[in-house]
Amino acid sequence: MELTKKIANFIVETKSSDIPNYAYDHAKVCFLDWLAVTMAGKDEPLVLKLITYSNLMGGNEQASILGHGLKKSVEHATLINGSASHALDYDDTLKSFLGHPSVTLFPSILALSEWKGKSGSDFLTAYIIGLKAGSCVGECAGLEHYIAGWHGTSTLGHLASASASARLLGLDRSQTLNALGIAGTQASGLKRVFGTMCKPFHAGKSSMAGLMSALLAGEGFTSAEDILEGQHGFFQLLKGQINEEVVETLGKTWEVDNMVQKYHASCHATHSPIEAILSSVNKEGLKPGSVKSIKIYCSELAVDAAGKPEPSTGLEGKFSIAYCVTNALLRGNTGMQAFTDEKVNDPVIKDFYKKITVIPDKDITEVEARLEIETNSGEVFSSFADIMKEIPTYESKEMKIKAKFMDLCDPVLGEKKAEELMKLILSMEKTEDMKDLVSLTQV
């Protein structure tokens, strides 16, 4: 059977009871993390511009703009919330997804759930199934897809969102096939726009496109039934091919436990270099004043994504390995406050760049990083990190994300309301109507 049909069957036929409890536990932590970064990014300039655009366009008030006390159409709510959740580049990453999955999945199914009165259990099931469908396509597309210049978060996000939305809406097999086809023909997103408002826009737009695809398919809108593997389809044009071993994992493994959450507010390609320099600080007692030079060896992929040598804005700083390592060494704080225009343009930071060299290394893969640090006294330290392989246990993840949630949501909602919302999310399988949960996000 063709891959597109196999994925459609998986979306339609999987029972919630087929999904293990641990997957639901991880999904709740993923939602906790996604909601936190969405609330933190809700007032970013690009988000406010999208709200202005939505005001101009009008439409039915169907779903909430998180943290704004506004309701827009489900499409515009998805677009705005999705863009807000990726605006700070502080959201989760999945290796098999070639990017950031939750910012493409949660916006569409949250808007649909609020609009249609879906339960927390249905919401989580749709997320887990959409995540697995999207990661299956991502593993088949492979790094060749990403290296070619496609932004996997956007291209795969179209298909993941359509998969989750189709499941939540209860589409049949034929309708789900069409939803995948409608989403697949819209799939785009170019890495050329990294460091601009268009990167987070990709997340919201792909989520919105997936939602629209499912809604249209539910009304009988048709498309190709082999959008992935067919001639002139996704794999032929955007790179990739069917990987039978990966396809066989549908319904057997769930990927949600492999999610890597962020504890630094920058591109994930900067995280291993950050961890490596912090390790040297902790283990070797490294001091900024003692550093003569730092050579940072990264994969060509990482340098391509986050190799800006001298960023000039806070947003560009998120995509600069040189800045992120310098900031981590000199300041230690790698949260949102590190990525402002003022912090990035600090003369002390800019002067330190003279000591930094970022070197693409063909022997280093994905987001690994190796640092060679020479001190003024002639000592040389070496440090290595790979955040994709050093994934915390569930218990550790939950603890870290709860702290991150409170750090980001307390300033917006207040401590009491933030704690109430966090408790509700961690038991959201008991929520009968997602409207109840969404109501707590309004300020």
# chains A, B, ... in the order shown; residues from 1 in each chain; ligands from 1

call {"tool": "residues_around", "arguments": {"residues": "region 212-219 of chain A", "least_positions_apart": "6", "cutoff": "10 Å", "atoms": "only C-alpha atoms", "output": "ChimeraX atom specification"}}
result
/A:74-75,108,112,158-159,161-172,174-184,186,206

call {"tool": "select_by_dssp", "arguments": {"residues": "region 199-273 of chain A", "states": "helix (DSSP H, G or I)", "output": "mmCIF file with N, CA and C atoms, in the first residue's frame"}}
result
data_model
loop_
_atom_site.group_PDB
_atom_site.id
_atom_site.type_symbol
_atom_site.label_atom_id
_atom_site.label_comp_id
_atom_site.auth_asym_id
_atom_site.auth_seq_id
_atom_site.Cartn_x
_atom_site.Cartn_y
_atom_site.Cartn_z
ATOM 1 N N LYS A 199 9.898 33.274 9.864
ATOM 2 C CA LYS A 199 10.133 31.942 10.435
ATOM 3 C C LYS A 199 9.006 31.551 11.391
ATOM 4 N N PRO A 200 8.661 32.390 12.376
ATOM 5 C CA PRO A 200 7.497 32.025 13.208
ATOM 6 C C PRO A 200 6.188 32.035 12.431
ATOM 7 N N PHE A 201 6.095 32.880 11.426
ATOM 8 C CA PHE A 201 4.911 32.893 10.562
ATOM 9 C C PHE A 201 4.719 31.534 9.901
ATOM 10 N N HIS A 202 5.826 30.861 9.548
ATOM 11 C CA HIS A 202 5.739 29.518 8.974
ATOM 12 C C HIS A 202 4.953 28.568 9.872
ATOM 13 N N ALA A 203 5.213 28.648 11.178
ATOM 14 C CA ALA A 203 4.545 27.737 12.113
ATOM 15 C C ALA A 203 3.040 27.969 12.103
ATOM 16 N N GLY A 204 2.631 29.224 12.246
ATOM 17 C CA GLY A 204 1.203 29.534 12.253
ATOM 18 C C GLY A 204 0.538 29.236 10.929
ATOM 19 N N LYS A 205 1.225 29.561 9.834
ATOM 20 C CA LYS A 205 0.640 29.371 8.509
ATOM 21 C C LYS A 205 0.480 27.886 8.185
ATOM 22 N N SER A 206 1.470 27.069 8.547
ATOM 23 C CA SER A 206 1.367 25.636 8.266
ATOM 24 C C SER A 206 0.262 24.998 9.090
ATOM 25 N N SER A 207 0.124 25.445 10.351
ATOM 26 C CA SER A 207 -0.943 24.921 11.200
ATOM 27 C C SER A 207 -2.308 25.315 10.643
ATOM 28 N N MET A 208 -2.421 26.563 10.197
ATOM 29 C CA MET A 208 -3.668 27.045 9.611
ATOM 30 C C MET A 208 -4.005 26.285 8.324
ATOM 31 N N ALA A 209 -2.980 26.047 7.506
ATOM 32 C CA ALA A 209 -3.203 25.330 6.244
ATOM 33 C C ALA A 209 -3.669 23.898 6.500
ATOM 34 N N GLY A 210 -3.114 23.262 7.526
ATOM 35 C CA GLY A 210 -3.538 21.904 7.866
ATOM 36 C C GLY A 210 -4.969 21.857 8.335
ATOM 37 N N LEU A 211 -5.338 22.843 9.158
ATOM 38 C CA LEU A 211 -6.726 22.947 9.626
ATOM 39 C C LEU A 211 -7.675 23.148 8.445
ATOM 40 N N MET A 212 -7.328 24.097 7.565
ATOM 41 C CA MET A 212 -8.157 24.367 6.400
ATOM 42 C C MET A 212 -8.293 23.128 5.524
ATOM 43 N N SER A 213 -7.203 22.391 5.374
ATOM 44 C CA SER A 213 -7.216 21.177 4.545
ATOM 45 C C SER A 213 -8.214 20.155 5.081
ATOM 46 N N ALA A 214 -8.218 19.978 6.408
ATOM 47 C CA ALA A 214 -9.138 19.016 7.019
ATOM 48 C C ALA A 214 -10.587 19.491 6.896
ATOM 49 N N LEU A 215 -10.808 20.772 7.113
ATOM 50 C CA LEU A 215 -12.168 21.300 6.998
ATOM 51 C C LEU A 215 -12.689 21.176 5.568
ATOM 52 N N LEU A 216 -11.843 21.481 4.592
ATOM 53 C CA LEU A 216 -12.262 21.353 3.190
ATOM 54 C C LEU A 216 -12.523 19.895 2.823
ATOM 55 N N ALA A 217 -11.639 19.010 3.271
ATOM 56 C CA ALA A 217 -11.809 17.586 2.970
ATOM 57 C C ALA A 217 -13.113 17.066 3.564
ATOM 58 N N GLY A 218 -13.463 17.577 4.737
ATOM 59 C CA GLY A 218 -14.714 17.170 5.368
ATOM 60 C C GLY A 218 -15.938 17.591 4.574
ATOM 61 N N PHE A 234 5.361 15.125 -3.180
ATOM 62 C CA PHE A 234 6.188 15.708 -2.126
ATOM 63 C C PHE A 234 7.634 15.215 -2.190
ATOM 64 N N PHE A 235 7.840 13.899 -2.192
ATOM 65 C CA PHE A 235 9.201 13.359 -2.142
ATOM 66 C C PHE A 235 9.985 13.636 -3.420
ATOM 67 N N GLN A 236 9.339 13.543 -4.549
ATOM 68 C CA GLN A 236 10.053 13.754 -5.808
ATOM 69 C C GLN A 236 10.551 15.193 -5.934
ATOM 70 N N LEU A 237 9.740 16.133 -5.496
ATOM 71 C CA LEU A 237 10.089 17.537 -5.690
ATOM 72 C C LEU A 237 10.794 18.162 -4.489
ATOM 73 N N LEU A 238 10.414 17.753 -3.287
ATOM 74 C CA LEU A 238 10.979 18.366 -2.077
ATOM 75 C C LEU A 238 12.017 17.473 -1.403
ATOM 76 N N GLU A 244 10.750 1.989 4.474
ATOM 77 C CA GLU A 244 9.832 0.958 4.955
ATOM 78 C C GLU A 244 9.975 0.701 6.453
ATOM 79 N N GLU A 245 11.205 0.772 6.974
ATOM 80 C CA GLU A 245 11.411 0.536 8.411
ATOM 81 C C GLU A 245 10.691 1.587 9.242
ATOM 82 N N VAL A 246 10.738 2.816 8.769
ATOM 83 C CA VAL A 246 10.053 3.906 9.468
ATOM 84 C C VAL A 246 8.547 3.727 9.377
ATOM 85 N N VAL A 247 8.058 3.371 8.199
ATOM 86 C CA VAL A 247 6.614 3.206 7.992
ATOM 87 C C VAL A 247 6.069 2.105 8.898
ATOM 88 N N VAL A 256 6.603 11.011 20.738
ATOM 89 C CA VAL A 256 6.387 12.108 21.681
ATOM 90 C C VAL A 256 7.382 12.062 22.839
ATOM 91 N N ASP A 257 7.862 10.887 23.193
ATOM 92 C CA ASP A 257 8.840 10.769 24.269
ATOM 93 C C ASP A 257 10.235 11.197 23.832
ATOM 94 N N ASN A 258 10.432 11.368 22.510
ATOM 95 C CA ASN A 258 11.720 11.825 21.994
ATOM 96 C C ASN A 258 11.780 13.342 21.821
ATOM 97 N N HIS A 268 17.697 25.710 18.132
ATOM 98 C CA HIS A 268 18.216 24.491 18.750
ATOM 99 C C HIS A 268 19.633 24.159 18.293
ATOM 100 N N ALA A 269 20.031 24.675 17.136
ATOM 101 C CA ALA A 269 21.399 24.440 16.666
ATOM 102 C C ALA A 269 22.431 25.152 17.534
ATOM 103 N N THR A 270 21.973 26.074 18.375
ATOM 104 C CA THR A 270 22.896 26.768 19.289
ATOM 105 C C THR A 270 22.996 26.083 20.652
ATOM 106 N N HIS A 271 22.133 25.123 20.916
ATOM 107 C CA HIS A 271 22.041 24.585 22.272
ATOM 108 C C HIS A 271 23.224 23.705 22.668
ATOM 109 N N SER A 272 23.706 22.872 21.772
ATOM 110 C CA SER A 272 24.880 22.057 22.108
ATOM 111 C C SER A 272 26.110 22.937 22.354
ATOM 112 N N PRO A 273 26.369 23.961 21.507
ATOM 113 C CA PRO A 273 27.479 24.868 21.826
ATOM 114 C C PRO A 273 27.308 25.564 23.182
#

call {"tool": "residues_around", "arguments": {"residues": "region 95-98 of chain A", "least_positions_apart": "3", "cutoff": "10 Å", "atoms": "only C-alpha atoms", "output": "PyMOL selection string"}}
result
chain A and resi 101+131-143+145-146+150-157+160+255+258-260+366-367+388-389

call {"tool": "write_last_selection", "arguments": {"atoms": "C-alpha atoms", "output": "short mmCIF file (atom, residue, chain, number, x, y, z; two decimals), in the first residue's frame"}}
result
data_model
loop_
_atom_site.label_atom_id
_atom_site.label_comp_id
_atom_site.auth_asym_id
_atom_site.auth_seq_id
_atom_site.Cartn_x
_atom_site.Cartn_y
_atom_site.Cartn_z
CA PRO A 101 6.39 20.05 15.71
CA LEU A 131 2.92 14.10 15.62
CA LYS A 132 3.59 10.51 14.59
CA ALA A 133 2.23 11.06 11.07
CA GLY A 134 4.36 14.16 10.59
CA SER A 135 7.51 12.55 11.97
CA CYS A 136 7.00 9.52 9.71
CA VAL A 137 7.03 11.80 6.68
CA GLY A 138 9.99 13.69 8.14
CA GLU A 139 12.09 10.56 8.55
CA CYS A 140 11.30 9.58 4.97
CA ALA A 141 12.16 13.06 3.72
CA GLY A 142 15.41 12.99 5.69
CA LEU A 143 18.10 15.62 6.08
CA HIS A 145 14.97 17.75 2.49
CA TYR A 146 16.23 20.22 5.10
CA TRP A 150 13.14 23.64 3.00
CA HIS A 151 12.04 24.62 6.50
CA GLY A 152 10.87 21.27 7.85
CA THR A 153 8.74 22.89 10.54
CA SER A 154 6.66 24.43 7.77
CA THR A 155 6.63 21.71 5.12
CA LEU A 156 6.03 18.84 7.53
CA GLY A 157 3.84 21.06 9.69
CA ALA A 160 1.07 17.05 10.67
CA GLU A 255 7.89 9.82 19.04
CA ASN A 258 11.72 11.82 21.99
CA MET A 259 10.69 15.47 22.07
CA VAL A 260 13.45 17.85 23.06
CA GLU A 366 23.26 17.36 13.21
CA VAL A 367 23.38 19.54 16.35
CA MET A 388 19.49 15.53 20.90
CA LYS A 389 21.01 12.46 22.56
#

call {"tool": "closest_atom_pairs", "arguments": {"of": "region 248-358 of chain A", "to": "region 404-412 of chain A", "cutoff": "12 Å", "atoms": "only C-alpha atoms", "output": "JSON lines"}}
result
{"residue": "A:Gln261", "atom": "CA", "partner": "A:Lys404", "partner_atom": "CA", "distance": 10.3}
{"residue": "A:Lys262", "atom": "CA", "partner": "A:Lys404", "partner_atom": "CA", "distance": 9.5}
{"residue": "A:Tyr263", "atom": "CA", "partner": "A:Lys404", "partner_atom": "CA", "distance": 8.0}
{"residue": "A:His264", "atom": "CA", "partner": "A:Lys404", "partner_atom": "CA", "distance": 10.5}
{"residue": "A:Ala265", "atom": "CA", "partner": "A:Lys404", "partner_atom": "CA", "distance": 11.1}
{"residue": "A:Gly335", "atom": "CA", "partner": "A:Lys404", "partner_atom": "CA", "distance": 9.9}
{"residue": "A:Met336", "atom": "CA", "partner": "A:Leu408", "partner_atom": "CA", "distance": 9.4}
{"residue": "A:Gln337", "atom": "CA", "partner": "A:Leu408", "partner_atom": "CA", "distance": 11.4}

call {"tool": "write_last_selection", "arguments": {"atoms": "C-alpha atoms", "output": "PDB file, in the first residue's frame"}}
result
ATOM      1  CA  GLN A 261      12.247  20.908  24.935  1.00  0.00           C
ATOM      2  CA  LYS A 262      14.280  24.098  25.046  1.00  0.00           C
ATOM      3  CA  TYR A 263      15.925  25.533  28.112  1.00  0.00           C
ATOM      4  CA  HIS A 264      17.706  28.289  26.143  1.00  0.00           C
ATOM      5  CA  ALA A 265      15.634  30.802  24.141  1.00  0.00           C
ATOM      6  CA  GLY A 335      16.556  32.933  28.643  1.00  0.00           C
ATOM      7  CA  MET A 336      14.395  35.418  26.748  1.00  0.00           C
ATOM      8  CA  GLN A 337      16.025  38.442  28.338  1.00  0.00           C
TER       9      GLN A 337
END

call {"tool": "closest_atom_pairs", "arguments": {"of": "region 60-126 of chain A", "to": "region 427-431 of chain A", "cutoff": "7 Å", "atoms": "only C-alpha atoms", "output": "Markdown table"}}
result
| residue | atom | partner | partner_atom | distance |
| --- | --- | --- | --- | --- |
| A:Ser119 | CA | A:Thr431 | CA | 5.8 |
| A:Gly120 | CA | A:Glu429 | CA | 4.8 |
| A:Ser121 | CA | A:Glu429 | CA | 4.4 |

call {"tool": "write_last_selection", "arguments": {"atoms": "N, CA and C atoms", "output": "compact mmCIF listing (two decimals), in the first residue's frame"}}
result
# COMPACT_ATOMS: atom_id res chain seq x y z
N SER A 119 -13.08 17.21 23.91
CA SER A 119 -12.55 16.89 25.24
C SER A 119 -11.02 16.95 25.25
N GLY A 120 -10.47 17.01 26.45
CA GLY A 120 -9.03 16.98 26.59
C GLY A 120 -8.43 15.69 26.08
N SER A 121 -9.12 14.59 26.28
CA SER A 121 -8.63 13.30 25.80
C SER A 121 -8.57 13.26 24.27

call {"tool": "closest_residue", "arguments": {"among": "A:Thr4, A:Ser64, A:Ser83, A:Thr365", "to": "Cys198 (chain A)", "atoms": "only C-alpha atoms"}}
result
A:Ser83

call {"tool": "closest_residue", "arguments": {"among": "A:Gly233, A:Lys252, A:Asp436, A:Leu413", "to": "Gly67 (chain A)", "atoms": "only C-alpha atoms"}}
result
A:Leu413

call {"tool": "atom_distance", "arguments": {"atom1": "CA of Ala224 (chain A)", "atom2": "CA of Ala148 (chain A)"}}
result
24.3 Å
